[in-house]
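See below for structure03.pdb, which holds PDB, C-alpha atoms and all ligand atoms.
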ATOM      1  CA  MET A 188     -10.174  34.108  19.793
ATOM      2  CA  PRO A 189      -6.871  33.755  21.673
ATOM      3  CA  TYR A 190      -6.889  33.210  25.441
ATOM      4  CA  ARG A 191      -6.941  36.344  27.603
ATOM      5  CA  PHE A 192      -4.618  34.661  30.075
ATOM      6  CA  THR A 193      -1.212  33.022  29.920
ATOM      7  CA  PHE A 194      -0.506  29.473  30.960
ATOM      8  CA  ASP A 195       2.307  26.972  31.346
ATOM      9  CA  LEU A 196       1.255  23.355  31.746
ATOM     10  CA  ARG A 197       4.741  21.861  31.613
ATOM     11  CA  LYS A 198       4.712  20.964  35.298
ATOM     12  CA  LEU A 199       1.651  18.758  34.978
ATOM     13  CA  PRO A 200       2.508  15.057  34.954
ATOM     14  CA  ARG A 201       2.314  13.129  31.690
ATOM     15  CA  GLU A 202      -0.409  10.950  33.259
ATOM     16  CA  PHE A 203      -2.672  13.985  33.319
ATOM     17  CA  PHE A 204      -2.596  14.297  29.530
ATOM     18  CA  GLU A 205      -3.070  10.575  29.067
ATOM     19  CA  GLU A 206      -6.051  10.691  31.404
ATOM     20  CA  LEU A 207      -7.407  13.739  29.575
ATOM     21  CA  MET A 208      -7.314  11.906  26.257
ATOM     22  CA  ARG A 209      -8.807   8.794  27.777
ATOM     23  CA  VAL A 210     -11.695  10.686  29.363
ATOM     24  CA  ALA A 211     -12.336  12.609  26.138
ATOM     25  CA  TYR A 212     -12.329   9.382  24.209
ATOM     26  CA  GLU A 213     -14.596   7.507  26.600
ATOM     27  CA  SER A 214     -17.082  10.258  27.327
ATOM     28  CA  ARG A 215     -17.643  12.229  24.179
ATOM     29  CA  LEU A 216     -15.664  11.371  21.097
ATOM     30  CA  HIS A 217     -16.729   7.772  21.249
ATOM     31  CA  LYS A 218     -20.409   8.717  21.007
ATOM     32  CA  ARG A 219     -19.832  10.705  17.844
ATOM     33  CA  PHE A 220     -18.172   7.925  15.870
ATOM     34  CA  GLY A 221     -21.490   6.833  14.359
ATOM     35  CA  ASP A 222     -22.138  10.306  12.943
ATOM     36  CA  ILE A 223     -18.581  10.696  11.681
ATOM     37  CA  ALA A 224     -18.673   7.257  10.060
ATOM     38  CA  ARG A 225     -21.979   8.051   8.348
ATOM     39  CA  THR A 226     -20.520  11.293   6.935
ATOM     40  CA  LEU A 227     -17.373   9.543   5.680
ATOM     41  CA  VAL A 228     -19.351   6.737   4.054
ATOM     42  CA  LYS A 229     -21.324   9.312   2.127
ATOM     43  CA  LYS A 230     -18.393  11.570   1.277
ATOM     44  CA  PHE A 231     -16.120   8.816  -0.033
ATOM     45  CA  ARG A 232     -18.915   6.726  -1.601
ATOM     46  CA  ILE A 233     -17.717   3.703   0.342
ATOM     47  CA  GLN A 234     -20.616   1.512  -0.821
ATOM     48  CA  GLU A 235     -19.749   2.135  -4.442
ATOM     49  CA  PHE A 236     -16.100   1.181  -4.007
ATOM     50  CA  THR A 237     -16.576  -1.771  -1.685
ATOM     51  CA  GLY A 238     -19.980  -3.264  -2.448
ATOM     52  CA  LEU A 239     -20.879  -3.015   1.266
ATOM     53  CA  ASN A 240     -24.333  -1.825   2.257
ATOM     54  CA  VAL A 241     -24.673   1.384   4.297
ATOM     55  CA  ASN A 242     -24.940  -0.297   7.679
ATOM     56  CA  GLU A 243     -21.969  -2.557   7.023
ATOM     57  CA  ALA A 244     -19.862   0.369   5.824
ATOM     58  CA  ILE A 245     -20.808   2.498   8.849
ATOM     59  CA  SER A 246     -20.079  -0.290  11.286
ATOM     60  CA  LEU A 247     -16.690  -0.943   9.668
ATOM     61  CA  LEU A 248     -15.712   2.731   9.776
ATOM     62  CA  GLU A 249     -16.901   3.049  13.376
ATOM     63  CA  ASP A 250     -14.467   0.294  14.338
ATOM     64  CA  PHE A 251     -11.685   1.971  12.337
ATOM     65  CA  LEU A 252     -12.321   5.268  14.106
ATOM     66  CA  GLU A 253     -12.396   3.590  17.480
ATOM     67  CA  ILE A 254      -9.115   1.792  16.776
ATOM     68  CA  GLN A 255      -7.451   5.016  15.651
ATOM     69  CA  ALA A 256      -8.654   6.770  18.806
ATOM     70  CA  LEU A 257      -7.396   3.946  21.006
ATOM     71  CA  ASN A 258      -4.064   4.042  19.173
ATOM     72  CA  VAL A 259      -3.769   7.756  19.904
ATOM     73  CA  VAL A 260      -4.698   7.265  23.560
ATOM     74  CA  ASN A 261      -2.100   4.489  23.934
ATOM     75  CA  ARG A 262       0.635   5.867  21.682
ATOM     76  CA  GLU A 263       2.785   7.666  24.193
ATOM     77  CA  ARG A 264       2.887   4.769  26.633
ATOM     78  CA  PHE A 265       3.408   2.347  23.770
ATOM     79  CA  ASN A 266       6.318   4.351  22.315
ATOM     80  CA  GLY A 267       7.945   4.506  25.753
ATOM     81  CA  ALA A 268       7.506   0.790  26.379
ATOM     82  CA  LYS A 269       8.696  -0.319  22.968
ATOM     83  CA  LYS A 270      12.056   1.399  23.479
ATOM     84  CA  SER A 271      13.104  -0.680  26.438
ATOM     85  CA  GLY A 272      10.497  -3.338  27.201
ATOM     86  CA  ARG A 273       9.658  -6.737  25.755
ATOM     87  CA  LYS A 274       7.465  -6.265  22.738
ATOM     88  CA  VAL A 275       5.383  -8.499  20.582
ATOM     89  CA  LEU A 276       3.715  -8.407  17.172
ATOM     90  CA  LEU A 277       0.623 -10.532  16.586
ATOM     91  CA  LEU A 278      -0.123 -11.265  12.928
ATOM     92  CA  PRO A 279      -3.105 -13.025  11.328
ATOM     93  CA  HIS A 280      -2.230 -16.319   9.663
ATOM     94  CA  CYS A 281      -4.759 -15.572   6.882
ATOM     95  CA  SER A 282      -2.381 -12.953   5.440
ATOM     96  CA  ARG A 283       0.121 -15.653   4.441
ATOM     97  CA  LYS A 284       0.697 -15.851   0.712
ATOM     98  CA  TYR A 285      -0.382 -19.484   0.701
ATOM     99  CA  MET A 286      -2.822 -21.233   2.977
ATOM    100  CA  ASP A 287      -1.830 -24.734   1.833
ATOM    101  CA  SER A 288       1.374 -26.786   1.815
ATOM    102  CA  ARG A 289       3.103 -24.221  -0.386
ATOM    103  CA  CYS A 290       3.461 -22.162   2.801
ATOM    104  CA  LYS A 291       6.568 -23.603   4.468
ATOM    105  CA  ALA A 292       5.791 -22.172   7.895
ATOM    106  CA  THR A 293       6.031 -24.655  10.734
ATOM    107  CA  PHE A 294       3.245 -24.807  13.290
ATOM    108  CA  ASP A 295       3.667 -24.805  17.056
ATOM    109  CA  PRO A 296       0.361 -26.095  18.467
ATOM    110  CA  SER A 297       1.366 -25.349  22.055
ATOM    111  CA  ILE A 298       0.646 -21.607  21.601
ATOM    112  CA  PRO A 299      -0.631 -21.961  18.762
ATOM    113  CA  THR A 300       1.430 -20.050  16.198
ATOM    114  CA  TYR A 301       2.931 -20.444  12.762
ATOM    115  CA  ILE A 302       6.653 -19.816  12.393
ATOM    116  CA  CYS A 303       7.485 -18.266   9.034
ATOM    117  CA  GLN A 304      10.281 -19.936   7.067
ATOM    118  CA  HIS A 305      10.576 -16.969   4.655
ATOM    119  CA  CYS A 306       9.894 -19.044   1.551
ATOM    120  CA  SER A 307       8.338 -16.190  -0.498
ATOM    121  CA  PRO A 308       9.830 -12.671  -0.601
ATOM    122  CA  ASP A 309       6.486 -11.186  -1.696
ATOM    123  CA  CYS A 310       4.538 -12.760   1.179
ATOM    124  CA  LEU A 311       3.088 -10.030   3.414
ATOM    125  CA  ILE A 312       3.688 -12.078   6.540
ATOM    126  CA  ASN A 313       7.304 -12.677   5.590
ATOM    127  CA  GLN A 314       7.824  -8.927   5.158
ATOM    128  CA  ALA A 315       6.095  -8.114   8.452
ATOM    129  CA  VAL A 316       8.055 -10.750  10.388
ATOM    130  CA  THR A 317      11.352  -9.455   8.982
ATOM    131  CA  LEU A 318      10.543  -5.829   9.824
ATOM    132  CA  ALA A 319       9.431  -6.692  13.344
ATOM    133  CA  GLU A 320      12.309  -9.029  14.196
ATOM    134  CA  GLU A 321      14.836  -6.444  12.979
ATOM    135  CA  ARG A 322      13.292  -4.086  15.533
ATOM    136  CA  GLY A 323      13.449  -6.577  18.375
ATOM    137  CA  TYR A 324       9.858  -7.848  18.413
ATOM    138  CA  ASP A 325       8.800 -11.397  19.131
ATOM    139  CA  VAL A 326       6.319 -12.391  16.415
ATOM    140  CA  TYR A 327       3.376 -14.764  16.519
ATOM    141  CA  ILE A 328       1.342 -15.649  13.431
ATOM    142  CA  ILE A 329      -1.853 -16.706  15.062
ATOM    143  CA  PRO A 330      -4.971 -18.491  13.852
ATOM    144  CA  GLY A 331      -7.331 -16.457  16.069
ATOM    145  CA  GLY A 332      -7.611 -14.097  19.016
ATOM    146  CA  SER A 333      -8.289 -16.695  21.707
ATOM    147  CA  CYS A 334      -4.569 -17.344  22.250
ATOM    148  CA  VAL A 335      -3.720 -13.670  22.865
ATOM    149  CA  PRO A 336      -4.060 -13.764  26.711
ATOM    150  CA  LYS A 337      -1.814 -16.817  26.855
ATOM    151  CA  ILE A 338       0.837 -15.141  24.687
ATOM    152  CA  LEU A 339       0.758 -11.888  26.672
ATOM    153  CA  ALA A 340       1.021 -13.719  29.984
ATOM    154  CA  SER A 341       3.749 -16.105  28.857
ATOM    155  CA  LYS A 342       6.579 -13.603  28.468
ATOM    156  CA  HIS A 343       5.369 -10.546  30.377
ATOM    157  CA  TYR A 344       5.266  -8.342  27.316
ATOM    158  CA  GLU A 345       5.244  -4.595  27.870
ATOM    159  CA  ALA A 346       4.164  -3.403  24.418
ATOM    160  CA  VAL A 347       1.978  -5.098  21.835
ATOM    161  CA  VAL A 348       1.095  -4.514  18.189
ATOM    162  CA  GLY A 349      -1.783  -6.413  16.661
ATOM    163  CA  VAL A 350      -2.881  -6.804  13.055
ATOM    164  CA  ALA A 351      -6.390  -8.167  12.621
ATOM    165  CA  CYS A 352      -9.854  -7.285  11.401
ATOM    166  CA  GLY A 353     -11.493  -4.374  13.224
ATOM    167  CA  MET A 354     -13.717  -6.549  15.405
ATOM    168  CA  GLU A 355     -10.819  -8.754  16.517
ATOM    169  CA  LEU A 356      -8.759  -5.671  17.324
ATOM    170  CA  MET A 357     -11.538  -4.289  19.501
ATOM    171  CA  LEU A 358     -11.599  -7.561  21.449
ATOM    172  CA  GLY A 359      -7.816  -7.554  21.567
ATOM    173  CA  TYR A 360      -7.807  -4.072  23.046
ATOM    174  CA  GLN A 361      -9.995  -5.318  25.909
ATOM    175  CA  VAL A 362      -7.449  -8.027  26.634
ATOM    176  CA  THR A 363      -4.457  -5.667  26.538
ATOM    177  CA  ARG A 364      -6.333  -3.289  28.836
ATOM    178  CA  GLN A 365      -6.866  -6.107  31.345
ATOM    179  CA  PHE A 366      -3.128  -6.821  31.220
ATOM    180  CA  GLY A 367      -2.306  -3.095  31.453
ATOM    181  CA  ILE A 368      -0.152  -3.304  28.308
ATOM    182  CA  PRO A 369      -0.131  -0.382  25.860
ATOM    183  CA  ALA A 370      -1.171  -1.553  22.404
ATOM    184  CA  GLN A 371      -1.358  -0.356  18.848
ATOM    185  CA  GLY A 372      -3.751  -1.937  16.391
ATOM    186  CA  LEU A 373      -3.600  -2.076  12.615
ATOM    187  CA  PRO A 374      -6.868  -3.111  10.958
ATOM    188  CA  LEU A 375      -6.900  -5.378   7.928
ATOM    189  CA  LEU A 376      -7.922  -3.554   4.764
ATOM    190  CA  LYS A 377      -9.122  -6.790   3.169
ATOM    191  CA  ASN A 378     -10.631  -9.513   5.291
ATOM    192  CA  GLY A 379     -11.810 -13.044   4.594
ATOM    193  CA  CYS A 380     -10.516 -16.525   5.350
ATOM    194  CA  ALA A 381      -7.468 -16.234   3.054
ATOM    195  CA  ASN A 382      -5.402 -13.619   1.206
ATOM    196  CA  THR A 383      -6.245 -10.948   3.736
ATOM    197  CA  TRP A 384      -4.272  -7.730   3.417
ATOM    198  CA  PHE A 385      -2.845  -4.986   5.598
ATOM    199  CA  ASP A 386      -0.741  -1.936   4.836
ATOM    200  CA  ILE A 387       2.870  -2.951   5.468
ATOM    201  CA  LYS A 388       4.047   0.686   5.358
ATOM    202  CA  ALA A 389       1.556   1.583   8.087
ATOM    203  CA  LEU A 390       2.833  -1.353  10.137
ATOM    204  CA  GLU A 391       6.427  -0.243   9.675
ATOM    205  CA  LYS A 392       5.495   3.186  10.981
ATOM    206  CA  ILE A 393       3.956   1.708  14.135
ATOM    207  CA  LEU A 394       6.870  -0.651  14.773
TER     208      LEU A 394
HETATM  209  S1  LIG B 401       6.922 -16.524   3.561
HETATM  210 FE1  LIG B 401       6.378 -17.491   5.526
HETATM  211  S2  LIG B 401       4.211 -17.164   5.863
HETATM  212 FE2  LIG B 401       4.692 -16.656   3.725
HETATM  213  S3  LIG B 401       4.164 -18.466   2.601
HETATM  214 FE3  LIG B 401       6.365 -18.630   3.118
HETATM  215  S4  LIG B 401       6.543 -19.646   5.101
HETATM  216 FE4  LIG B 401       4.381 -19.086   4.747
END
As structure tokens:
Amino acid sequence: MPYRFTFDLRKLPREFFEELMRVAYESRLHKRFGDIARTLVKKFRIQEFTGLNVNEAISLLEDFLEIQALNVVNRERFNGAKKSGRKVLLLPHCSRKYMDSRCKATFDPSIPTYICQHCSPDCLINQAVTLAEERGYDVYIIPGGSCVPKILASKHYEAVVGVACGMELMLGYQVTRQFGIPAQGLPLLKNGCANTWFDIKALEKIL
């Protein structure tokens, strides 16, 4: 039923809407993720396609839902910051095409980060680095999440994009929140110690 009154909310500050989304996310939506995940697991027969058991599939989808919600909550601030501020993309080193000496990336242990030498056009990391650098991002190809605070503090970044497994992204979000930096997370669609995979088109859209 339509409202029986008229309204014009244009004079409300943008912070109000951000706060509204944040409160909705923290108070209510968040609690329903378990139910939504359970429904999606059943509907899309996730166990059948992935070999995961029910609990694993639900927990994975819960993290995906949470990341999507956090992305929505942070999107406006992130989009504003990425236009003019210093921005950074954090990539997982396990998505490199090769994990041995065939990967020609150099390694800077002081951060630590790999520096891609673009040896393989079909390497996911190569493609992501190229896309991000064209758009003005600094890029770090990191071996784990523990170096994230150091990276964020080192250059006073104002916007951050992270690619990692769902659990790492959730931890990463806590760190970016502490720094007050708007973030967008892209979860890996295939995890493991090597040959991990993320959707490069989805990353391009975020960048
Ligand atoms: S393109 Fe970069 S990350 Fe990929 S294998 Fe070559 S040097 Fe390593």
Using only C-alpha atoms and all ligand atoms, which of A:Ser246, A:Gln234, A:Thr383, A:Gln304 sits nearest ligand LIG 401 (chain B)? A:Gln304
Residue contacts of A:Leu375 (6 Å, only C-alpha atoms) excluding same-chain residues fewer than 3 positions away, as a ChimeraX atom specification: /A:351-352,384-385
I'd like to see the residues matched by the PyMOL selection byres (((chain A and resi 324-332) around 6) and not hetatm) on this file, and ideally I'd get them as a ChimeraX atom specification. /A:274-280,300-301,319-320,322-323,333-335
Interface rows for chain A against ligand LIG 401 (chain B): nearest pair, Å to one decimal, 6 Å, all atoms listed in the file, as CSV:
residue,atom,partner,partner_atom,distance
A:Arg283,CA,B:LIG401,S2,4.6
A:Lys284,CA,B:LIG401,S3,4.7
A:Tyr285,CA,B:LIG401,S3,5.0
A:Cys290,CA,B:LIG401,FE4,3.8
A:Lys291,CA,B:LIG401,S4,4.0
A:Ala292,CA,B:LIG401,S4,3.8
A:Cys303,CA,B:LIG401,FE1,3.8
A:Gln304,CA,B:LIG401,S4,4.2
A:His305,CA,B:LIG401,S1,3.8
A:Cys306,CA,B:LIG401,FE3,3.9
A:Ser307,CA,B:LIG401,S1,4.3
A:Cys310,CA,B:LIG401,FE2,4.7
A:Ile312,CA,B:LIG401,S2,5.2
A:Asn313,CA,B:LIG401,S1,4.4
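Taking atom CA of A:Ser297 and atom CA of A:Lys337 as endpoints, the distance between them is 10.3 Å.
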In Å, how far is it from atom CA of A:Gly367 to atom CA of A:Ala346? 9.6 Å
Residues selected by the PyMOL selection byres (((chain A and resi 392) around 12) and not hetatm), written as a PDB file with C-alpha atoms, keeping the file's coordinate frame:
ATOM      1  CA  ASN A 266       6.318   4.351  22.315  1.00  0.00           C
ATOM      2  CA  ALA A 315       6.095  -8.114   8.452  1.00  0.00           C
ATOM      3  CA  LEU A 318      10.543  -5.829   9.824  1.00  0.00           C
ATOM      4  CA  ALA A 319       9.431  -6.692  13.344  1.00  0.00           C
ATOM      5  CA  ARG A 322      13.292  -4.086  15.533  1.00  0.00           C
ATOM      6  CA  VAL A 348       1.095  -4.514  18.189  1.00  0.00           C
ATOM      7  CA  GLN A 371      -1.358  -0.356  18.848  1.00  0.00           C
ATOM      8  CA  GLY A 372      -3.751  -1.937  16.391  1.00  0.00           C
ATOM      9  CA  LEU A 373      -3.600  -2.076  12.615  1.00  0.00           C
ATOM     10  CA  ASP A 386      -0.741  -1.936   4.836  1.00  0.00           C
ATOM     11  CA  ILE A 387       2.870  -2.951   5.468  1.00  0.00           C
ATOM     12  CA  LYS A 388       4.047   0.686   5.358  1.00  0.00           C
ATOM     13  CA  ALA A 389       1.556   1.583   8.087  1.00  0.00           C
ATOM     14  CA  LEU A 390       2.833  -1.353  10.137  1.00  0.00           C
ATOM     15  CA  GLU A 391       6.427  -0.243   9.675  1.00  0.00           C
ATOM     16  CA  ILE A 393       3.956   1.708  14.135  1.00  0.00           C
ATOM     17  CA  LEU A 394       6.870  -0.651  14.773  1.00  0.00           C
TER      18      LEU A 394
END
Given the file shown, enumerate the residues that the PyMOL selection byres (((chain A and resi 360) around 12) and not hetatm) captures and present them as a ChimeraX atom specification. /A:250,253-258,260-261,332,335-336,347-351,353-359,361-373
For atom CA of A:Ser271 and atom CA of A:Phe251, quote the distance in Å rounded to one decimal. 28.6 Å
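When all atoms listed in the file are used to compute distances to A:Val228, the closest of the residues A:Leu339, A:Ala268, A:Val241, A:Met286 turns out to be A:Val241.
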